[in-house]
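**Q** Okay, so here is entry.txt, and as you'll see once you scroll down, it has compact mmCIF, C-alpha atoms.
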# COMPACT_ATOMS: atom_id res chain seq x y z
CA MET A 12 121.30 95.10 70.02
CA GLY A 13 120.95 95.95 73.72
CA ASP A 14 117.39 94.63 73.86
CA ARG A 15 118.46 91.38 72.22
CA ARG A 16 121.17 90.92 74.83
CA LEU A 17 118.66 91.50 77.60
CA LEU A 18 116.19 88.98 76.16
CA LEU A 19 118.95 86.38 75.82
CA ALA A 20 120.04 87.00 79.42
CA ILE A 21 116.41 86.75 80.62
CA ALA A 22 115.86 83.42 78.85
CA ALA A 23 119.12 81.96 80.19
CA ASN A 24 118.34 83.00 83.77
CA MET A 25 114.75 81.70 83.63
CA LEU A 26 115.97 78.29 82.45
CA LEU A 27 118.67 78.31 85.10
CA THR A 28 116.15 79.18 87.81
CA LEU A 29 113.98 76.21 86.82
CA ALA A 30 116.99 73.86 86.82
CA GLN A 31 118.15 75.11 90.24
CA VAL A 32 114.71 74.75 91.81
CA ILE A 33 114.40 71.17 90.54
CA GLY A 34 117.97 70.42 91.64
CA GLY A 35 117.37 71.97 95.06
CA ILE A 36 114.18 69.98 95.63
CA VAL A 37 115.71 66.69 94.47
CA SER A 38 118.93 67.19 96.43
CA GLY A 39 117.32 68.78 99.49
CA SER A 40 119.67 71.76 99.28
CA LEU A 41 118.18 74.98 100.59
CA SER A 42 121.18 77.01 99.44
CA LEU A 43 120.54 75.84 95.86
CA VAL A 44 116.91 76.98 96.14
CA ALA A 45 118.15 80.25 97.65
CA ASP A 46 120.46 80.78 94.70
CA ALA A 47 117.55 79.91 92.36
CA LEU A 48 115.36 82.58 93.96
CA HIS A 49 118.17 85.09 93.60
CA ASN A 50 118.54 84.12 89.94
CA PHE A 51 114.79 84.46 89.46
CA SER A 52 114.93 87.96 90.92
CA ASP A 53 117.72 88.78 88.46
CA ALA A 54 115.73 87.42 85.52
CA SER A 55 112.67 89.36 86.69
CA SER A 56 114.70 92.54 87.11
CA LEU A 57 116.09 92.14 83.59
CA LEU A 58 112.57 91.62 82.25
CA ILE A 59 111.27 94.69 84.09
CA ALA A 60 114.30 96.70 82.93
CA TRP A 61 113.67 95.58 79.33
CA LEU A 62 110.02 96.66 79.54
CA ALA A 63 111.00 99.93 81.23
CA ARG A 64 113.56 100.66 78.46
CA ARG A 65 110.84 100.23 75.85
CA ILE A 66 108.42 102.44 77.75
CA GLY A 67 111.15 105.01 78.39
CA ARG A 68 111.77 105.45 74.66
CA GLN A 69 108.30 106.86 74.11
CA PRO A 70 108.34 110.61 73.40
CA ALA A 71 106.85 113.17 75.77
CA ASP A 72 103.15 113.81 75.31
CA GLU A 73 100.30 115.73 76.95
CA LEU A 74 99.99 113.08 79.65
CA ARG A 75 103.74 112.82 80.45
CA THR A 76 105.27 116.16 79.49
CA PHE A 77 108.73 115.15 80.76
CA GLY A 78 108.59 111.86 78.89
CA TYR A 79 108.62 108.28 80.20
CA ARG A 80 112.26 107.86 81.24
CA ARG A 81 111.38 107.52 84.93
CA ALA A 82 109.84 104.15 84.12
CA GLU A 83 113.33 102.69 84.62
CA VAL A 84 113.61 104.25 88.08
CA ILE A 85 110.22 102.80 89.04
CA ALA A 86 111.42 99.44 87.73
CA ALA A 87 114.50 99.70 89.93
CA LEU A 88 112.31 100.34 92.99
CA VAL A 89 110.13 97.30 92.19
CA ASN A 90 113.22 95.11 91.78
CA LEU A 91 114.77 96.27 95.04
CA VAL A 92 111.59 95.74 97.07
CA THR A 93 111.37 92.24 95.59
CA LEU A 94 114.96 91.59 96.66
CA VAL A 95 114.12 92.58 100.24
CA ILE A 96 111.14 90.20 100.33
CA ILE A 97 113.25 87.34 98.94
CA GLY A 98 116.06 88.03 101.41
CA LEU A 99 113.68 87.93 104.39
CA TYR A 100 112.07 84.72 103.11
CA LEU A 101 115.45 83.01 102.77
CA ILE A 102 116.35 83.92 106.35
CA TYR A 103 113.05 82.42 107.53
CA GLU A 104 113.72 79.18 105.61
CA ALA A 105 117.31 78.95 106.89
CA VAL A 106 116.20 79.35 110.52
CA TRP A 107 113.55 76.67 109.99
CA ARG A 108 116.25 74.28 108.68
CA VAL A 109 118.21 74.71 111.92
CA PHE A 110 115.36 73.03 113.81
CA GLU A 111 114.52 70.49 111.08
CA PRO A 112 117.71 69.48 109.23
CA GLN A 113 117.37 67.82 105.81
CA VAL A 114 119.48 65.21 104.02
CA ILE A 115 121.30 66.84 101.07
CA GLU A 116 122.65 65.18 97.90
CA GLY A 117 126.02 66.86 97.46
CA TRP A 118 126.72 65.80 93.87
CA ILE A 119 123.48 67.32 92.53
CA VAL A 120 124.28 70.56 94.36
CA VAL A 121 127.78 70.75 92.86
CA VAL A 122 126.69 69.96 89.27
CA VAL A 123 123.71 72.36 89.20
CA ALA A 124 125.71 75.13 90.89
CA GLY A 125 128.47 74.61 88.31
CA VAL A 126 125.99 75.13 85.47
CA ALA A 127 124.65 78.20 87.30
CA LEU A 128 128.13 79.66 87.55
CA VAL A 129 128.61 79.38 83.77
CA VAL A 130 125.23 81.04 83.07
CA ASP A 131 125.84 83.81 85.62
CA VAL A 132 129.21 84.68 84.13
CA ALA A 133 127.76 84.65 80.59
CA THR A 134 124.88 86.94 81.65
CA ALA A 135 127.29 89.34 83.35
CA VAL A 136 129.31 89.53 80.14
CA LEU A 137 126.14 90.24 78.11
CA THR A 138 125.08 93.13 80.35
CA TRP A 139 128.50 94.62 81.18
CA THR A 140 128.71 97.12 78.32
CA MET A 141 125.14 98.32 78.98
CA SER A 142 125.64 98.70 82.74
CA ARG A 143 127.60 101.95 82.43
CA HIS A 144 124.58 103.94 81.24
CA SER A 145 121.60 102.55 83.15
CA MET A 146 120.75 102.20 86.83
CA ASN A 147 118.59 99.14 86.14
CA ILE A 148 121.12 97.33 83.96
CA ARG A 149 123.94 98.20 86.34
CA ALA A 150 121.94 96.68 89.20
CA ALA A 151 121.25 93.58 87.12
CA PHE A 152 124.95 93.29 86.23
CA LEU A 153 125.97 93.51 89.89
CA HIS A 154 123.32 90.94 90.78
CA ASN A 155 124.71 88.53 88.22
CA VAL A 156 128.21 89.00 89.58
CA SER A 157 126.92 88.31 93.09
CA ASP A 158 125.06 85.26 91.74
CA ALA A 159 128.30 83.96 90.29
CA LEU A 160 129.94 84.35 93.70
CA ALA A 161 126.95 82.65 95.35
CA SER A 162 127.26 79.75 92.91
CA VAL A 163 130.92 79.38 93.88
CA GLY A 164 129.80 79.28 97.51
CA VAL A 165 127.17 76.62 96.76
CA ILE A 166 129.81 74.50 95.02
CA VAL A 167 132.03 74.81 98.09
CA ALA A 168 129.13 73.85 100.39
CA GLY A 169 128.25 70.83 98.22
CA SER A 170 131.88 69.73 98.23
CA LEU A 171 132.09 69.99 102.03
CA ILE A 172 128.93 67.90 102.32
CA LEU A 173 130.44 65.24 100.03
CA LEU A 174 133.81 65.21 101.77
CA TYR A 175 132.91 65.71 105.45
CA GLY A 176 129.11 65.52 105.74
CA TRP A 177 128.91 69.12 106.95
CA TYR A 178 125.23 69.71 106.19
CA TRP A 179 125.22 72.85 108.31
CA THR A 180 127.26 74.61 105.63
CA ASP A 181 124.15 74.64 103.40
CA THR A 182 122.14 76.55 106.03
CA LEU A 183 125.04 78.91 106.73
CA LEU A 184 125.46 79.69 103.04
CA THR A 185 121.72 80.36 102.69
CA LEU A 186 121.95 82.94 105.47
CA LEU A 187 124.98 84.54 103.83
CA ILE A 188 123.20 84.76 100.45
CA ALA A 189 120.12 86.26 102.14
CA LEU A 190 122.17 88.85 104.03
CA TYR A 191 124.05 89.78 100.85
CA VAL A 192 120.75 90.23 98.97
CA LEU A 193 119.49 92.53 101.74
CA TYR A 194 122.79 94.40 101.73
CA GLN A 195 122.51 95.05 97.99
CA ALA A 196 118.93 96.26 98.30
CA ALA A 197 119.75 98.50 101.28
CA GLY A 198 122.62 100.07 99.35
CA MET A 199 120.53 100.97 96.28
CA LEU A 200 117.11 101.76 97.77
CA PRO A 201 118.03 105.19 99.23
CA ASP A 202 119.32 106.48 95.86
CA THR A 203 116.24 105.22 94.02
CA ILE A 204 113.82 106.72 96.54
CA HIS A 205 115.82 109.98 96.58
CA LEU A 206 115.40 110.31 92.81
CA LEU A 207 111.67 109.55 92.94
CA MET A 208 111.28 112.07 95.78
CA GLU A 209 112.89 114.68 93.48
CA GLY A 210 115.83 115.17 95.82
CA THR A 211 118.86 117.26 94.95
CA PRO A 212 121.10 115.30 92.50
CA ALA A 213 124.15 113.67 94.04
CA GLY A 214 127.21 115.87 93.90
CA LEU A 215 125.23 119.10 93.53
CA SER A 216 124.73 121.75 96.21
CA VAL A 217 121.91 124.28 96.11
CA ALA A 218 124.22 126.85 97.69
CA GLU A 219 126.97 126.32 95.06
CA VAL A 220 124.53 126.44 92.14
CA THR A 221 122.90 129.58 93.54
CA ALA A 222 126.29 131.25 94.02
CA ALA A 223 127.26 130.41 90.42
CA MET A 224 124.08 132.01 89.08
CA GLU A 225 124.50 135.09 91.28
CA ALA A 226 128.05 135.50 89.90
CA VAL A 227 126.66 136.21 86.41
CA GLU A 228 126.92 139.89 85.54
CA GLY A 229 123.63 141.74 86.01
CA VAL A 230 122.16 139.29 88.56
CA ARG A 231 121.26 140.90 91.89
CA ASP A 232 119.78 137.89 93.71
CA VAL A 233 118.63 134.30 93.18
CA HIS A 234 115.91 132.65 95.27
CA HIS A 235 113.15 130.03 95.12
CA VAL A 236 115.73 127.49 93.86
CA HIS A 237 114.67 123.87 93.23
CA LEU A 238 117.05 121.15 92.03
CA TRP A 239 115.94 117.66 91.02
CA GLN A 240 116.47 114.86 88.49
CA ILE A 241 113.98 114.28 85.69
CA ASP A 242 115.49 110.82 85.29
CA GLU A 243 118.80 109.08 85.91
CA HIS A 244 120.71 111.22 83.39
CA ARG A 245 118.95 114.61 83.33
CA ASN A 246 119.28 117.28 86.04
CA ALA A 247 116.71 120.09 86.25
CA LEU A 248 116.44 123.45 87.98
CA GLU A 249 113.81 126.06 88.70
CA ALA A 250 114.71 129.49 90.11
CA HIS A 251 113.68 133.13 90.41
CA ILE A 252 116.35 135.57 89.19
CA VAL A 253 116.36 139.18 90.36
CA ILE A 254 118.06 141.50 87.85
CA ASP A 255 118.66 145.23 87.49
CA ARG A 256 117.09 145.76 84.07
CA PHE A 257 114.61 143.72 82.07
CA GLU A 258 116.44 144.75 78.91
CA ASP A 259 119.26 142.38 79.95
CA THR A 260 116.97 139.38 80.43
CA ALA A 261 117.92 137.51 77.24
CA ARG A 262 121.67 137.97 77.75
CA ILE A 263 121.54 136.96 81.42
CA LYS A 264 119.32 133.97 80.70
CA ASP A 265 121.72 132.64 78.06
CA ALA A 266 124.70 133.16 80.37
CA ILE A 267 123.04 131.39 83.30
CA LYS A 268 121.87 128.42 81.21
CA GLN A 269 125.35 128.03 79.72
CA ARG A 270 126.95 128.10 83.17
CA LEU A 271 124.44 125.59 84.55
CA ALA A 272 125.12 123.19 81.69
CA ASP A 273 128.92 123.55 81.75
CA SER A 274 129.48 123.52 85.52
CA PHE A 275 126.66 121.34 86.86
CA SER A 276 125.32 119.31 83.89
CA ILE A 277 121.89 120.91 84.37
CA THR A 278 120.29 120.60 80.93
CA HIS A 279 116.75 121.65 81.82
CA SER A 280 116.18 124.94 83.63
CA THR A 281 113.15 127.17 84.15
CA LEU A 282 114.07 130.75 85.10
CA GLU A 283 111.65 133.45 86.20
CA PHE A 284 113.06 136.99 86.07
CA GLU A 285 112.12 139.77 88.47
CA ILE A 286 113.14 143.34 89.08
CA GLU A 287 112.55 143.20 92.82
CA ASN A 288 112.67 140.28 95.23
CA CYS A 289 109.07 139.73 96.22
CA GLY A 290 110.04 137.09 98.77
CA ASN A 291 108.19 134.21 97.06
Do you think you could lay out the structure here as structure tokens?

**A**
Amino acid sequence: MGDRRLLLAIAANMLLTLAQVIGGIVSGSLSLVADALHNFSDASSLLIAWLARRIGRQPADELRTFGYRRAEVIAALVNLVTLVIIGLYLIYEAVWRVFEPQVIEGWIVVVVAGVALVVDVATAVLTWTMSRHSMNIRAAFLHNVSDALASVGVIVAGSLILLYGWYWTDTLLTLLIALYVLYQAAGMLPDTIHLLMEGTPAGLSVAEVTAAMEAVEGVRDVHHVHLWQIDEHRNALEAHIVIDRFEDTARIKDAIKQRLADSFSITHSTLEFEIENCGN
């Protein structure tokens, strides 16, 4: 059901992108082309997310022992880098229009932007329920919401051109759309890169997790602690545990794993037990 929604949203956005590009060229509106490029990036991100979801469902094998779920994170990185490139291109085009203004047909801008608004809202509705569980779909949902807002802005700009001949509003709106695209990308890129760099999961502290493990009865020391995310939903840990007696290993291991799961949502842990701290 989720895949069908994504495919429907992709098809709608691709058709909308084509209509906006044609409308922007015919009317001379750069802001309409800007909105079309943003819509195209959304359609592309949905397509990449759909492919990544299919790849991510494949079971772990000898080549990918942790599975393929990180495909969605890689897809998010690709989408965000694309957004940055599009944002920079739109700024370049808007600056160029300042020196070479173009005549703009306001009615075409208003009509095409109105159709875009309907499609953007429909796509946002299609992806809303899926956005709570996926970084990629959540990003696509937010992009569609921002597209809807951009379409409202384009309608306003077209109306001002019709009423007052304020052609400069088209260039101004293009800059605003470009800056908003860059703002979105800048907000999401650090989290995506942090996950791919196997950084400590958000909300977790190595010191707190270590202290919780050391509080388990029979544990003398914990060192060589590594915390990372296998994918968007799975936290992992590796640590060396110094204990008093090897006879207690099974009991202590079960107690630590239970505490990690209950307190920190760490579902994958690799624990190496030692009698003495060898300092490695």

**Q** If you measure from CA of Ala20 (chain A) to CA of Gln195 (chain A), what distance in Å do you get, rounded to one decimal?

**A**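 CA of Gln195 (chain A) lies 20.4 Å from CA of Ala20 (chain A).
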
**Q** Do you know which residues are at most 7 Å from region 167-179 of chain A counting all atoms listed in the file, after dropping those on the same chain fewer than 2 positions away, and could you put them as a list in words?

**A**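 The contact residues come out as Gly117, Trp118, Val120, Val121, Val163, Gly164, Val165, Asp181, Thr182 and Leu183 of chain A.
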
**Q** Between CA of Asp14 (chain A) and CA of Val130 (chain A), what is the spacing in Å?

**A**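 Going from CA of Val130 (chain A) over to CA of Asp14 (chain A) covers 18.2 Å.
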
**Q** How far is it from CA of Val233 (chain A) to CA of Thr76 (chain A), in Å with one decimal?

**A**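 The value is 26.4 Å.
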
**Q** Given the choices A:Val92, A:Val230, A:Leu271, A:Met208, which gets closest to Glu249 (chain A) if the distance is worked out from only C-alpha atoms?

**A**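 Ranking A:Val92, A:Val230, A:Leu271, A:Met208 by distance to Glu249 (chain A), first place goes to A:Leu271.
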
**Q** Using only C-alpha atoms, find the one residue out of A:Asn50, A:Leu137, A:Gln69, A:Ala63 that sits nearest to Val89 (chain A).

**A** A:Ala63

**Q** Could you check which of A:Val106, A:Ile85, A:Ile119, A:Ala127 is closest to Leu29 (chain A), using all atoms listed in the file?

**A**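 Selected residue with least distance to Leu29 (chain A): A:Ala127.
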
**Q** Extract, using all atoms listed in the file, all DNA, RNA and protein residues at most 7 Å from Glu285 (chain A), discarding same-chain residues fewer than 6 positions from it, and format them as a PyMOL selection string.

**A** chain A and resi 252-254

**Q** Skip Val126 (chain A) itself and residues of its chain fewer than 6 positions away, then list as a list in words all residues within 12 Å of it, counting only C-alpha atoms.

**A**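 Once the adjacent positions are removed, what remains is Ala23, Asn24, Leu26, Leu27, Thr28, Ala30, Gln31, Gly34, Leu43, Ala47, Ile119, Val120, Val132, Ala133, Asp158, Ala159, Ser162, Val163, Val165 and Ile166 of chain A.
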
**Q** Edge lengths and centre in Å to one decimal, as AutoDock Vina command-line options, is what I'm after for the box along x, y and z that holds all listed atoms of region 203-214 of chain A once 3 Å is added on each side.

**A**
--center_x 119.2 --center_y 111.2 --center_z 94.5 --size_x 21.9 --size_y 18.0 --size_z 10.1

**Q** Which is closer to Ile204 (chain A) than all the others in A:Leu248, A:Ala86, A:Leu58, A:Leu18, using all atoms listed in the file?

**A** A:Ala86

**Q** I'd like to know which of A:Leu17, A:Leu190, A:Leu207, A:Leu128 is closest to Ala82 (chain A), using all atoms listed in the file.

**A**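 Ranking A:Leu17, A:Leu190, A:Leu207, A:Leu128 by distance to Ala82 (chain A), first place goes to A:Leu207.
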
**Q** Can you work out which one of A:Val95, A:Leu62, A:Ile267, A:Leu187 has the shortest atom-to-atom distance to Gly229 (chain A), counting all atoms listed in the file?

**A**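 So, comparing all the options, the nearest one is A:Ile267.
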
**Q** Could you give me, as a count of residues only, the residues within 9 Å of region 277-280 of chain A, counting all atoms listed in the file and dropping anything in the same chain fewer than 6 positions from it?

**A** 10

**Q** Leaving out Ala87 (chain A) and any residue of its chain fewer than 5 positions from it, which residues lie within 12 Å of it when counting only C-alpha atoms, given as a PyMOL selection string?

**A** chain A and resi 52-53+55-64+81-82+92-94+145-151+196+199-204+206-207+243

**Q** Could you pull region 257-279 of chain A out of the structure just shown and give C-alpha atoms as a PDB file, in the first residue's frame?

**A**
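Saved file decode25.pdb follows:
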ATOM      1  CA  PHE A 257      33.676 -15.696  34.258  1.00  0.00           C
ATOM      2  CA  GLU A 258      31.039 -17.938  35.818  1.00  0.00           C
ATOM      3  CA  ASP A 259      28.729 -14.892  35.932  1.00  0.00           C
ATOM      4  CA  THR A 260      29.165 -14.029  32.254  1.00  0.00           C
ATOM      5  CA  ALA A 261      25.775 -15.310  31.031  1.00  0.00           C
ATOM      6  CA  ARG A 262      23.817 -13.617  33.836  1.00  0.00           C
ATOM      7  CA  ILE A 263      25.644 -10.299  33.439  1.00  0.00           C
ATOM      8  CA  LYS A 264      25.327 -10.373  29.659  1.00  0.00           C
ATOM      9  CA  ASP A 265      21.560 -10.881  29.841  1.00  0.00           C
ATOM     10  CA  ALA A 266      21.209  -8.109  32.427  1.00  0.00           C
ATOM     11  CA  ILE A 267      23.260  -5.632  30.384  1.00  0.00           C
ATOM     12  CA  LYS A 268      21.437  -6.376  27.123  1.00  0.00           C
ATOM     13  CA  GLN A 269      18.069  -5.979  28.855  1.00  0.00           C
ATOM     14  CA  ARG A 270      19.112  -2.642  30.356  1.00  0.00           C
ATOM     15  CA  LEU A 271      20.458  -1.393  27.022  1.00  0.00           C
ATOM     16  CA  ALA A 272      17.211  -2.271  25.270  1.00  0.00           C
ATOM     17  CA  ASP A 273      14.899  -0.870  27.963  1.00  0.00           C
ATOM     18  CA  SER A 274      16.776   2.344  28.775  1.00  0.00           C
ATOM     19  CA  PHE A 275      18.449   3.285  25.490  1.00  0.00           C
ATOM     20  CA  SER A 276      16.640   1.344  22.716  1.00  0.00           C
ATOM     21  CA  ILE A 277      19.910  -0.386  21.814  1.00  0.00           C
ATOM     22  CA  THR A 278      18.766  -3.598  20.127  1.00  0.00           C
ATOM     23  CA  HIS A 279      22.111  -4.796  18.784  1.00  0.00           C
TER      24      HIS A 279
END
